[in-house]
>>> print(open('my_file_31.tsv').read())   # TSV, C-alpha atoms
chain	number	residue	atom	x	y	z
A	69	MET	CA	117.66	103.60	96.48
A	70	ARG	CA	117.34	106.37	93.90
A	71	ARG	CA	114.16	107.67	95.52
A	72	ALA	CA	115.54	107.17	99.03
A	73	LEU	CA	118.50	109.38	98.19
A	74	ALA	CA	116.20	111.91	96.56
A	75	ALA	CA	114.20	112.02	99.78
A	76	ALA	CA	117.37	112.71	101.73
A	77	GLY	CA	118.11	115.54	99.32
A	78	ILE	CA	114.76	117.19	99.86
A	79	ALA	CA	115.17	116.95	103.64
A	80	VAL	CA	118.57	118.62	103.55
A	81	ALA	CA	117.47	121.18	100.97
A	82	LEU	CA	114.33	122.19	102.83
A	83	LEU	CA	116.07	122.29	106.18
A	84	SER	CA	118.63	124.69	104.74
A	85	SER	CA	116.08	126.87	102.88
A	86	VAL	CA	115.82	130.57	103.54
A	87	ILE	CA	113.92	131.11	106.78
A	88	GLY	CA	110.81	133.26	106.57
A	89	THR	CA	110.73	135.65	109.50
A	90	GLY	CA	108.54	138.47	108.25
A	91	PRO	CA	104.80	138.96	107.65
A	92	ALA	CA	104.56	135.93	105.36
A	93	ALA	CA	105.78	133.61	108.12
A	94	ALA	CA	103.36	135.24	110.55
A	95	ARG	CA	100.48	134.58	108.15
A	96	VAL	CA	101.45	130.90	107.93
A	97	ASP	CA	101.54	130.70	111.73
A	98	ALA	CA	98.06	132.21	111.93
A	99	ALA	CA	96.73	129.73	109.39
A	100	MET	CA	98.37	126.90	111.30
A	101	SER	CA	96.58	127.96	114.48
A	102	ARG	CA	93.22	128.05	112.70
A	103	SER	CA	93.50	124.55	111.17
A	104	GLY	CA	90.61	122.20	111.92
A	105	SER	CA	90.77	119.67	114.72
A	106	PRO	CA	91.34	115.97	113.97
A	107	GLU	CA	87.84	115.21	115.17
A	108	SER	CA	86.22	117.43	112.52
A	109	ALA	CA	85.16	116.31	109.05
A	110	GLY	CA	87.81	117.40	106.57
A	111	ASN	CA	86.43	118.85	103.34
A	112	LEU	CA	84.28	115.96	102.13
A	113	PRO	CA	83.31	116.19	98.45
A	114	THR	CA	79.97	117.83	97.70
A	115	ALA	CA	77.11	116.26	95.75
A	116	GLU	CA	78.09	118.49	92.83
A	117	GLN	CA	81.65	117.11	92.85
A	118	MET	CA	80.43	113.54	93.14
A	119	SER	CA	77.96	114.04	90.26
A	120	LYS	CA	80.94	114.91	88.07
A	121	GLY	CA	82.28	111.47	88.93
A	122	LEU	CA	79.32	109.67	87.35
A	123	LEU	CA	79.51	108.41	83.78
A	124	THR	CA	77.18	110.21	81.39
A	125	LEU	CA	75.01	108.52	78.77
A	126	ALA	CA	77.43	109.77	76.10
A	127	GLU	CA	80.26	107.95	77.88
A	128	MET	CA	78.40	104.65	78.08
A	129	PRO	CA	78.79	101.99	75.38
A	130	THR	CA	76.36	102.06	72.46
A	131	ASP	CA	72.76	100.90	73.06
A	132	TYR	CA	72.53	101.94	76.73
A	133	THR	CA	69.68	104.25	77.72
A	134	ALA	CA	69.03	106.22	80.89
A	135	PHE	CA	67.08	104.22	83.47
A	136	GLY	CA	64.96	106.22	85.89
A	137	GLN	CA	65.95	109.62	87.23
A	138	ASP	CA	69.24	110.73	88.67
A	139	GLU	CA	69.13	111.02	92.44
A	140	THR	CA	70.95	113.74	94.39
A	141	GLY	CA	70.47	114.40	98.08
A	142	ASP	CA	71.40	113.37	101.59
A	143	THR	CA	71.18	109.86	103.02
A	144	THR	CA	71.58	108.06	106.34
A	145	GLU	CA	71.80	104.66	104.65
A	146	VAL	CA	75.18	102.96	104.66
A	147	PRO	CA	76.15	102.16	101.05
A	148	ALA	CA	76.85	98.53	100.17
A	149	SER	CA	75.53	97.36	103.54
A	150	GLY	CA	73.08	94.61	104.39
A	151	TRP	CA	75.20	91.86	102.85
A	152	CYS	CA	74.44	89.58	105.78
A	153	ARG	CA	71.03	91.09	106.64
A	154	GLU	CA	72.66	93.49	109.10
A	155	ALA	CA	71.21	96.92	109.87
A	156	VAL	CA	71.63	99.45	107.06
A	157	LEU	CA	71.08	102.79	108.85
A	158	ASP	CA	73.84	105.09	110.01
A	159	ARG	CA	73.07	107.05	113.17
A	160	SER	CA	75.42	109.87	112.18
A	161	ALA	CA	74.37	113.01	110.29
A	162	PRO	CA	73.08	112.63	106.72
A	163	THR	CA	75.77	112.70	104.04
A	164	PRO	CA	75.62	113.69	100.33
A	165	ARG	CA	74.70	110.94	97.86
A	166	VAL	CA	74.32	110.74	94.08
A	167	TYR	CA	72.93	107.91	91.96
A	168	ARG	CA	72.56	107.17	88.24
A	169	ALA	CA	71.49	104.07	86.30
A	170	PHE	CA	71.50	102.86	82.70
A	171	LYS	CA	69.71	99.98	80.94
A	172	HIS	CA	71.02	97.76	78.17
A	173	PRO	CA	68.73	96.14	75.56
A	174	ASP	CA	69.67	92.72	76.96
A	175	GLY	CA	67.81	93.70	80.15
A	176	THR	CA	70.78	94.33	82.45
A	177	ILE	CA	70.88	97.53	84.51
A	178	PHE	CA	74.15	99.24	85.46
A	179	ALA	CA	73.81	101.49	88.52
A	180	ALA	CA	76.34	103.79	90.18
A	181	GLU	CA	75.96	105.17	93.72
A	182	ILE	CA	78.47	107.54	95.33
A	183	VAL	CA	78.26	108.58	98.99
A	184	ALA	CA	80.51	111.01	100.90
A	185	THR	CA	81.28	108.59	103.72
A	186	GLY	CA	84.77	109.82	104.59
A	187	THR	CA	87.94	107.84	103.92
A	188	ARG	CA	87.89	105.73	107.07
A	189	LYS	CA	84.35	104.44	106.60
A	190	ALA	CA	84.93	103.96	102.87
A	191	HIS	CA	87.82	101.61	103.63
A	192	GLN	CA	85.66	99.77	106.19
A	193	LEU	CA	82.93	99.29	103.58
A	194	VAL	CA	85.41	97.90	101.07
A	195	GLU	CA	86.67	95.51	103.74
A	196	ALA	CA	83.09	94.46	104.52
A	197	ALA	CA	82.54	93.62	100.85
A	198	ALA	CA	85.86	91.80	100.63
A	199	THR	CA	84.99	89.52	103.57
A	200	VAL	CA	81.34	88.87	102.74
A	201	THR	CA	82.17	85.52	101.13
A	202	THR	CA	83.52	84.24	104.46
A	203	ARG	CA	81.14	86.09	106.79
A	204	CYS	CA	77.94	85.02	105.02
A	205	PRO	CA	78.43	83.02	101.81
A	206	VAL	CA	74.77	81.98	102.04
A	207	VAL	CA	72.04	84.16	103.57
A	208	GLU	CA	68.57	82.72	104.11
A	209	GLY	CA	65.78	85.29	104.45
A	210	ASP	CA	61.99	85.28	104.43
A	211	LEU	CA	61.31	83.35	101.22
A	212	THR	CA	64.58	84.56	99.66
A	213	THR	CA	68.17	83.32	99.47
A	214	LYS	CA	71.42	85.08	98.66
A	215	LYS	CA	74.72	83.43	97.74
A	216	HIS	CA	77.97	85.41	97.71
A	217	SER	CA	81.21	84.64	95.92
A	218	ARG	CA	84.25	86.75	95.09
A	219	LEU	CA	84.32	88.80	91.91
A	220	ALA	CA	87.89	89.49	90.78
A	221	LEU	CA	88.41	93.13	89.83
A	222	PRO	CA	91.09	94.66	87.61
A	223	ASP	CA	93.65	97.02	89.14
A	224	LEU	CA	91.66	100.19	89.78
A	225	GLY	CA	94.34	102.14	91.62
A	226	VAL	CA	92.13	102.38	94.71
A	227	ARG	CA	90.95	100.09	97.47
A	228	ALA	CA	88.20	97.95	96.00
A	229	ALA	CA	86.33	94.66	96.39
A	230	GLY	CA	84.01	92.74	94.09
A	231	VAL	CA	81.08	90.50	94.96
A	232	ASP	CA	79.23	88.06	92.69
A	233	GLU	CA	75.74	87.69	94.20
A	234	MET	CA	73.09	85.14	93.26
A	235	PHE	CA	69.61	86.06	94.48
A	236	GLN	CA	66.57	83.77	94.67
A	237	ASP	CA	63.24	85.59	94.86
A	238	PRO	CA	60.07	84.32	96.65
A	239	PHE	CA	58.99	82.59	93.42
A	240	GLY	CA	62.16	80.52	93.27
A	241	GLU	CA	63.70	82.44	90.37
A	242	TRP	CA	67.45	83.13	90.47
A	243	SER	CA	69.16	86.27	89.20
A	244	ARG	CA	72.77	87.50	89.29
A	245	LEU	CA	74.12	90.83	90.54
A	246	TYR	CA	77.70	91.96	90.11
A	247	HIS	CA	78.95	94.49	92.69
A	248	ALA	CA	82.14	96.56	92.94
A	249	VAL	CA	82.75	98.69	96.05
A	250	VAL	CA	85.57	101.25	95.94
A	251	ALA	CA	87.07	103.83	98.30
A	252	THR	CA	88.71	106.98	96.98
A	253	GLY	CA	88.90	110.67	97.81
A	254	GLY	CA	86.71	110.44	100.92
A	255	VAL	CA	83.80	108.73	99.14
A	256	THR	CA	82.43	105.23	98.68
A	257	GLY	CA	81.50	104.22	95.15
A	258	VAL	CA	79.19	101.25	94.62
A	259	TYR	CA	78.72	99.88	91.10
A	260	THR	CA	76.14	97.18	90.47
A	261	GLU	CA	74.91	95.32	87.41
A	262	MET	CA	71.50	93.71	87.92
A	263	GLY	CA	70.19	90.79	85.89
A	264	SER	CA	73.71	89.96	84.76
A	265	HIS	CA	75.32	86.83	83.35
A	266	PRO	CA	78.92	85.56	83.22
A	267	ARG	CA	79.09	86.60	79.57
A	268	HIS	CA	78.50	90.22	80.72
A	269	ARG	CA	81.30	90.19	83.30
A	270	ALA	CA	83.98	91.75	81.09
A	271	ARG	CA	81.60	94.54	80.07
A	272	PHE	CA	80.74	95.25	83.70
A	273	LEU	CA	84.40	95.39	84.70
A	274	ASP	CA	85.15	97.80	81.84
A	275	LEU	CA	82.34	100.07	83.07
A	276	VAL	CA	83.67	99.90	86.62
A	277	LYS	CA	87.17	100.80	85.45
A	278	ALA	CA	85.90	103.81	83.47
A	279	SER	CA	83.66	104.86	86.37
A	280	VAL	CA	86.45	104.74	88.95
A	281	GLN	CA	88.81	106.67	86.72
A	282	LYS	CA	86.24	109.47	86.41
A	283	LEU	CA	85.40	109.35	90.12
A	284	ARG	CA	89.07	109.66	91.10
A	285	THR	CA	89.41	112.77	88.94
A	286	ALA	CA	86.25	114.38	90.32
A	287	THR	CA	87.04	113.75	93.99
A	288	ALA	CA	90.83	114.02	93.95
A	289	LEU	CA	92.42	115.42	97.08
A	290	THR	CA	93.65	118.99	96.71
A	291	VAL	CA	96.43	120.91	98.42
A	292	GLU	CA	93.77	122.56	100.59
A	293	ASP	CA	92.56	119.14	101.68
A	294	LEU	CA	96.12	118.13	102.55
A	295	ARG	CA	96.62	121.35	104.51
A	296	THR	CA	94.04	120.10	107.05
A	297	GLY	CA	96.45	117.25	107.86
A	298	LEU	CA	99.43	119.46	108.72
A	299	LEU	CA	100.77	119.66	112.26
A	300	HIS	CA	99.38	122.10	114.83
A	301	PRO	CA	101.47	124.09	117.33
A	302	ALA	CA	100.46	121.67	120.11
A	303	ASP	CA	101.92	118.75	118.10
A	304	LEU	CA	105.43	120.25	118.08
A	305	PRO	CA	108.05	120.53	120.81
A	306	ALA	CA	107.92	123.81	122.72
A	307	GLY	CA	109.13	126.90	120.92
A	308	TYR	CA	108.68	125.77	117.32
A	309	VAL	CA	107.14	128.04	114.67
A	310	VAL	CA	106.52	127.66	110.94
A	311	SER	CA	109.47	128.89	108.91
A	312	LEU	CA	108.40	127.93	105.39
A	313	GLU	CA	105.41	126.41	103.57
A	314	GLY	CA	105.22	125.36	99.94
A	315	THR	CA	104.23	122.86	97.28
A	316	PRO	CA	106.06	121.21	94.36
A	317	GLU	CA	104.71	124.04	92.20
A	318	THR	CA	106.12	126.80	94.41
A	319	ASP	CA	109.40	125.24	95.58
A	320	PRO	CA	111.73	123.13	93.43
A	321	ASN	CA	112.96	121.31	96.54
A	322	ALA	CA	109.52	120.02	97.51
A	323	TYR	CA	109.11	116.25	97.50
A	324	SER	CA	106.58	115.25	94.82
A	325	PHE	CA	105.55	111.81	96.21
A	326	ASN	CA	105.46	110.33	92.72
A	327	GLY	CA	107.14	107.19	94.02
A	328	GLY	CA	109.34	105.19	91.74
A	329	GLY	CA	112.95	104.20	92.15
A	330	THR	CA	114.86	101.16	93.31
A	331	THR	CA	115.59	99.93	96.81
A	332	CYS	CA	119.03	98.88	98.03
A	333	THR	CA	118.14	95.28	97.18
A	334	GLY	CA	117.18	96.22	93.63
A	335	ARG	CA	113.41	95.97	94.12
A	336	GLU	CA	111.58	98.30	91.75
A	337	VAL	CA	108.96	100.54	93.36
A	338	PRO	CA	106.36	101.75	90.83
A	339	GLY	CA	105.52	105.43	90.58
A	340	SER	CA	102.14	107.14	90.42
A	341	GLY	CA	102.43	107.95	86.74
A	342	GLY	CA	102.46	111.70	87.28
A	343	PRO	CA	102.58	114.54	89.80
A	344	VAL	CA	100.25	114.36	92.79
A	345	PRO	CA	99.07	117.21	95.05
A	346	ALA	CA	101.56	117.73	97.87
A	347	ILE	CA	102.39	120.27	100.56
A	348	PHE	CA	105.28	120.75	102.98
A	349	ARG	CA	106.22	122.87	105.98
A	350	THR	CA	109.48	123.46	107.80
A	351	TYR	CA	109.64	124.38	111.48
A	352	ALA	CA	112.29	126.20	113.50
A	353	ARG	CA	112.73	126.77	117.20
A	354	GLY	CA	111.98	130.49	117.51
A	355	ALA	CA	111.35	133.07	114.79
A	356	TYR	CA	115.02	133.34	113.83
A	357	GLY	CA	116.08	129.75	114.44
A	358	THR	CA	117.35	127.29	111.87
A	359	PRO	CA	114.58	125.01	110.57
A	360	ASN	CA	115.23	121.46	111.72
A	361	ILE	CA	111.84	119.76	111.39
A	362	VAL	CA	110.14	119.11	108.04
A	363	GLU	CA	106.80	117.53	107.22
A	364	ALA	CA	105.46	116.80	103.75
A	365	ILE	CA	102.15	115.22	102.71
A	366	GLY	CA	101.22	113.83	99.29
A	367	ALA	CA	97.91	112.57	97.87
A	368	THR	CA	99.38	109.30	96.67
A	369	GLY	CA	96.47	106.91	97.08
A	370	PRO	CA	96.72	103.98	99.52
A	371	GLY	CA	98.67	101.63	97.24
A	372	LEU	CA	101.54	104.01	96.52
A	373	ALA	CA	101.55	105.27	100.13
A	374	ARG	CA	102.17	101.76	101.44
A	375	ALA	CA	104.74	101.07	98.69
A	376	ILE	CA	106.73	104.16	99.68
A	377	VAL	CA	106.64	103.19	103.35
A	378	ALA	CA	107.68	99.62	102.50
A	379	MET	CA	110.60	100.96	100.46
A	380	GLN	CA	111.82	103.04	103.39
A	381	GLU	CA	111.43	100.09	105.76
A	382	GLU	CA	113.44	97.88	103.42
A	383	ASN	CA	116.18	100.46	103.01
A	384	GLY	CA	116.45	100.89	106.77
A	385	ARG	CA	117.13	97.15	107.04
A	386	THR	CA	119.26	96.50	103.98
A	387	CYS	CA	121.11	99.60	102.78
A	388	PRO	CA	124.87	99.05	103.04
A	389	ASP	CA	127.24	101.69	104.30
A	390	THR	CA	128.37	103.88	101.41
A	391	LYS	CA	131.05	106.52	100.96
A	392	ASP	CA	130.48	109.88	99.34
A	393	ASN	CA	132.92	111.63	97.02
A	394	GLU	CA	134.87	112.96	100.00
A	395	GLY	CA	135.25	109.53	101.59
A	396	THR	CA	132.71	110.10	104.38
A	397	THR	CA	130.76	106.96	105.29
A	398	ARG	CA	126.97	107.32	105.06
A	399	THR	CA	124.94	104.85	107.09
A	400	PHE	CA	121.23	103.89	107.02
A	401	SER	CA	119.66	102.21	110.04
A	402	ALA	CA	116.04	101.38	110.88
A	403	LEU	CA	114.18	103.14	113.68
A	404	SER	CA	112.01	101.24	116.15
A	405	LEU	CA	108.46	102.63	115.93
A	406	PRO	CA	105.13	102.06	117.68
A	407	PRO	CA	102.09	101.53	115.40
A	408	ILE	CA	101.57	104.78	113.48
A	409	GLY	CA	98.85	105.33	110.86
A	410	ASP	CA	98.11	102.43	108.51
A	411	ALA	CA	101.83	101.70	108.11
A	412	ALA	CA	105.06	103.46	109.09
A	413	ALA	CA	108.80	103.11	108.72
A	414	GLY	CA	111.68	105.16	110.09
A	415	THR	CA	115.34	105.52	109.19
A	416	LEU	CA	118.34	107.20	110.76
A	417	ARG	CA	120.87	108.51	108.27
A	418	THR	CA	124.31	109.50	109.53
A	419	GLY	CA	127.58	110.54	107.95
A	420	GLY	CA	130.44	112.04	109.89
A	421	SER	CA	129.57	115.04	112.05
A	422	GLU	CA	127.49	116.89	109.45
A	423	LEU	CA	124.73	114.45	108.47
A	424	ARG	CA	122.43	113.20	111.20
A	425	ILE	CA	118.85	113.01	109.95
A	426	ALA	CA	115.91	110.91	111.16
A	427	GLU	CA	112.89	110.30	108.91
A	428	ILE	CA	109.53	108.68	109.64
A	429	TRP	CA	107.26	107.80	106.71
A	430	VAL	CA	103.56	107.24	107.35
A	431	ALA	CA	100.79	105.83	105.13
A	432	SER	CA	97.30	106.88	106.18
A	433	GLY	CA	94.26	106.37	103.98
A	434	ASP	CA	94.84	108.04	100.63
A	435	VAL	CA	97.94	109.98	101.69
A	436	CYS	CA	101.60	109.46	102.48
A	437	ALA	CA	103.58	111.77	104.77
A	438	VAL	CA	107.18	112.11	105.86
A	439	TYR	CA	108.43	113.74	109.06
A	440	VAL	CA	112.11	114.69	109.17
A	441	ARG	CA	114.35	115.82	112.03
A	442	ASN	CA	117.82	117.27	111.41
A	443	MET	CA	119.60	116.56	114.68
A	444	PHE	CA	122.43	119.08	114.63
A	445	ASP	CA	121.19	120.51	117.95
A	446	VAL	CA	120.34	117.32	119.88
A	447	SER	CA	121.60	113.78	120.39
A	448	ASP	CA	120.33	110.98	118.18
A	449	ALA	CA	118.25	109.58	121.04
A	450	GLU	CA	116.66	112.95	121.82
A	451	GLY	CA	115.95	113.78	118.18
A	452	VAL	CA	114.43	110.38	117.37
A	453	ALA	CA	112.22	110.46	120.49
A	454	GLU	CA	111.05	113.94	119.52
A	455	LEU	CA	110.30	112.86	115.95
A	456	ARG	CA	108.33	109.79	117.09
A	457	LYS	CA	105.97	112.06	119.03
A	458	VAL	CA	105.66	114.43	116.08
A	459	ALA	CA	104.85	111.56	113.68
A	460	GLN	CA	102.25	110.10	116.05
A	461	ALA	CA	100.55	113.48	116.34
A	462	GLY	CA	100.83	113.97	112.59
A	463	ALA	CA	99.20	110.60	111.88
A	464	LYS	CA	96.14	111.71	113.85
A	465	ARG	CA	95.94	114.82	111.66
A	466	LEU	CA	96.30	112.73	108.52
A	467	ALA	CA	93.46	110.46	109.63
A	468	ALA	CA	91.18	113.52	109.76
A	469	ILE	CA	91.62	114.36	106.07
A	470	ARG	CA	88.21	113.78	104.49
A	471	ASN	CA	86.89	111.83	107.45
>>> encode(input="my_file_31.tsv", output="structure tokens")
Amino acid sequence: MRRALAAAGIAVALLSSVIGTGPAAARVDAAMSRSGSPESAGNLPTAEQMSKGLLTLAEMPTDYTAFGQDETGDTTEVPASGWCREAVLDRSAPTPRVYRAFKHPDGTIFAAEIVATGTRKAHQLVEAAATVTTRCPVVEGDLTTKKHSRLALPDLGVRAAGVDEMFQDPFGEWSRLYHAVVATGGVTGVYTEMGSHPRHRARFLDLVKASVQKLRTATALTVEDLRTGLLHPADLPAGYVVSLEGTPETDPNAYSFNGGGTTCTGREVPGSGGPVPAIFRTYARGAYGTPNIVEAIGATGPGLARAIVAMQEENGRTCPDTKDNEGTTRTFSALSLPPIGDAAAGTLRTGGSELRIAEIWVASGDVCAVYVRNMFDVSDAEGVAELRKVAQAGAKRLAAIRN
């Protein structure tokens, strides 16, 4: 509830902010018109960025040595594919790829591969790894056999799946490979230990955890990335223009998307552990109108994005009517929504004649967004219908971030 009320505060504060009507507002409008289309690839990390997400030899445990040469270039191969002997080539344009491997004296090899697949495909590849034990637990090939079982991974803060693979070569010899496939920041990371053994599992998982932490830092979404997910003029009702744009660093009212807080039922919602990149815009009908639409986007990661949406959904169902210090009753109610993004929840907040605000929260990939409509100028039905269309259009923009 604490975070829900904080969200209401940001909506009211931003909607009542000073309206920009001079050259600065015109520059924001121009930038808004130039934003990329949802079909375009949105700022995928470069090979240089991804290389910074690879562990170095100095960061590896003692006794490891470099194995082979680092690889940097473009690829059309789909990372972590071929589990069930399916095709492994992608017919789309080549994408950046980096690779590095290390060898331990016990003979095991730890390899890391990172490919700029885009967020959507990265999530699909994690899902493919997660379901391999049911899709093809045993794969018979020409003189070879593969057996797949689930490998439990620690909490990595990203979407991830582990596979324990046993491989029999043409000579009948068996060997074990541990795999971890992760999706973060528009890339797919694949970590594999070859020639492994159950006694090496903990070591492998520690290496995966350290690798993912470094990868998340190197490929973290920026404010500029998030800007590609903001609404376009065509997404808004007729007559709307940008009145204000900012970030938590430039505006104290900006929502930080750190999560945290407690729902009306007392359920604790964990936070992100620190500030995340975020951006907001307010929109007004006409250059001198009062801003009554707000959107804000934060690079929360998929877990926190869904947790925030779930919190709003729960509050829409369970928040009791409350009275403010002046005795005005404040009411939460849930909005009926079509499927939007990966998950969405909407609430209508009313209180006397002065507070009538609708909010729709959307989780999409690695980001969370909120769309707010202050309905002082329209009926509840009109304002909610308008906001539904805005949120649906916004979700399409969000899906284009790093895809």
>>> residues_around(input="my_file_31.tsv", residues="range 204-209 of chain A", least_positions_apart="5", cutoff="8 Å", atoms="all atoms listed in the file", output="JSON, numbers by chain")
{"A": [151, 152, 153, 214, 215, 216, 217]}
>>> closest_atom_pairs(input="my_file_31.tsv", of="range 168-199 of chain A", to="range 434-451 of chain A", cutoff="12 Å", atoms="all atoms listed in the file", output="JSON lines")
{"residue": "A:Gly186", "atom": "CA", "partner": "A:Asp434", "partner_atom": "CA", "distance": 11.0}
{"residue": "A:Thr187", "atom": "CA", "partner": "A:Asp434", "partner_atom": "CA", "distance": 7.6}
{"residue": "A:Arg188", "atom": "CA", "partner": "A:Asp434", "partner_atom": "CA", "distance": 9.8}
{"residue": "A:Ala190", "atom": "CA", "partner": "A:Asp434", "partner_atom": "CA", "distance": 10.9}
{"residue": "A:His191", "atom": "CA", "partner": "A:Asp434", "partner_atom": "CA", "distance": 10.0}
>>> residues_around(input="my_file_31.tsv", residues="Met262 in chain A", least_positions_apart="5", cutoff="8 Å", atoms="all atoms listed in the file", output="list of chain:residue names")
A:Thr176, A:Ile177, A:Phe178, A:Ser243, A:Arg244, A:Leu245, A:Tyr246
>>> closest_residue(input="my_file_31.tsv", among="A:Phe348, A:Phe239, A:Phe170, A:Tyr308", to="Asn321 in chain A", atoms="all atoms listed in the file")
A:Phe348
>>> atom_distance(input="my_file_31.tsv", atom1="CA of Val430 in chain A", atom2="CA of Val377 in chain A")
6.5 Å
>>> atom_distance(input="my_file_31.tsv", atom1="CA of Gly314 in chain A", atom2="CA of Gly414 in chain A")
23.5 Å
>>> closest_residue(input="my_file_31.tsv", among="A:Gly395, A:Pro173, A:Pro147, A:Gly339", to="Thr260 in chain A", atoms="only C-alpha atoms")
A:Pro147
>>> residues_around(input="my_file_31.tsv", residues="Asp410 in chain A", least_positions_apart="3", cutoff="9 Å", atoms="all atoms listed in the file", output="list of chain:residue names")
A:Arg374, A:Pro407, A:Val430, A:Ala431, A:Ser432, A:Gly433, A:Ala463
>>> atom_distance(input="my_file_31.tsv", atom1="CA of Arg165 in chain A", atom2="CA of Gly150 in chain A")
17.7 Å
>>> closest_residue(input="my_file_31.tsv", among="A:Ala367, A:Ile347, A:Ala413, A:Val310", to="Met379 in chain A", atoms="all atoms listed in the file")
A:Ala413
>>> closest_residue(input="my_file_31.tsv", among="A:Pro164, A:Gly230, A:Gly462, A:Gly307", to="Arg353 in chain A", atoms="only C-alpha atoms")
A:Gly307
>>> closest_residue(input="my_file_31.tsv", among="A:Ala322, A:Ile408, A:Leu403, A:Ala468", to="Glu427 in chain A", atoms="all atoms listed in the file")
A:Leu403
>>> residues_around(input="my_file_31.tsv", residues="Pro222 in chain A", least_positions_apart="6", cutoff="12 Å", atoms="all atoms listed in the file", output="PyMOL selection string")
chain A and resi 228-230+248+250+269-270+272-278+280
>>> closest_residue(input="my_file_31.tsv", among="A:Ser149, A:Thr350, A:Thr130, A:Thr252", to="Ala196 in chain A", atoms="all atoms listed in the file")
A:Ser149
>>> decode(input="my_file_31.tsv", residues="range 131-136 of chain A", atoms="all heavy atoms", output="compact mmCIF listing (two decimals), in the first residue's frame")
# COMPACT_ATOMS: atom_id res chain seq x y z
N ASP A 131 43.76 -21.15 -10.51
CA ASP A 131 44.11 -22.35 -11.28
C ASP A 131 43.50 -22.36 -12.68
O ASP A 131 43.93 -23.17 -13.52
CB ASP A 131 43.71 -23.66 -10.57
CG ASP A 131 44.48 -23.87 -9.28
OD1 ASP A 131 45.59 -23.31 -9.17
OD2 ASP A 131 43.96 -24.55 -8.38
N TYR A 132 42.51 -21.52 -12.98
CA TYR A 132 41.98 -21.49 -14.34
C TYR A 132 42.98 -20.83 -15.27
O TYR A 132 43.72 -19.91 -14.88
CB TYR A 132 40.66 -20.72 -14.39
CG TYR A 132 39.45 -21.55 -14.06
CD1 TYR A 132 38.95 -21.58 -12.75
CD2 TYR A 132 38.79 -22.29 -15.03
CE1 TYR A 132 37.82 -22.33 -12.43
CE2 TYR A 132 37.67 -23.05 -14.72
CZ TYR A 132 37.20 -23.06 -13.43
OH TYR A 132 36.09 -23.82 -13.12
N THR A 133 43.00 -21.28 -16.51
CA THR A 133 43.81 -20.66 -17.56
C THR A 133 42.92 -20.39 -18.76
O THR A 133 41.86 -21.01 -18.93
CB THR A 133 44.97 -21.58 -17.99
OG1 THR A 133 44.43 -22.85 -18.41
CG2 THR A 133 45.95 -21.80 -16.85
N ALA A 134 43.35 -19.46 -19.61
CA ALA A 134 42.59 -19.17 -20.83
C ALA A 134 42.61 -20.39 -21.73
O ALA A 134 43.62 -21.09 -21.83
CB ALA A 134 43.20 -17.97 -21.54
N PHE A 135 41.48 -20.66 -22.37
CA PHE A 135 41.37 -21.80 -23.27
C PHE A 135 40.98 -21.29 -24.66
O PHE A 135 39.88 -20.77 -24.86
CB PHE A 135 40.32 -22.79 -22.77
CG PHE A 135 40.19 -24.03 -23.59
CD1 PHE A 135 41.13 -25.04 -23.51
CD2 PHE A 135 39.13 -24.19 -24.48
CE1 PHE A 135 41.01 -26.20 -24.28
CE2 PHE A 135 39.01 -25.32 -25.25
CZ PHE A 135 39.95 -26.33 -25.15
N GLY A 136 41.89 -21.40 -25.61
CA GLY A 136 41.63 -20.92 -26.95
C GLY A 136 41.64 -19.41 -27.00
O GLY A 136 42.05 -18.73 -26.07
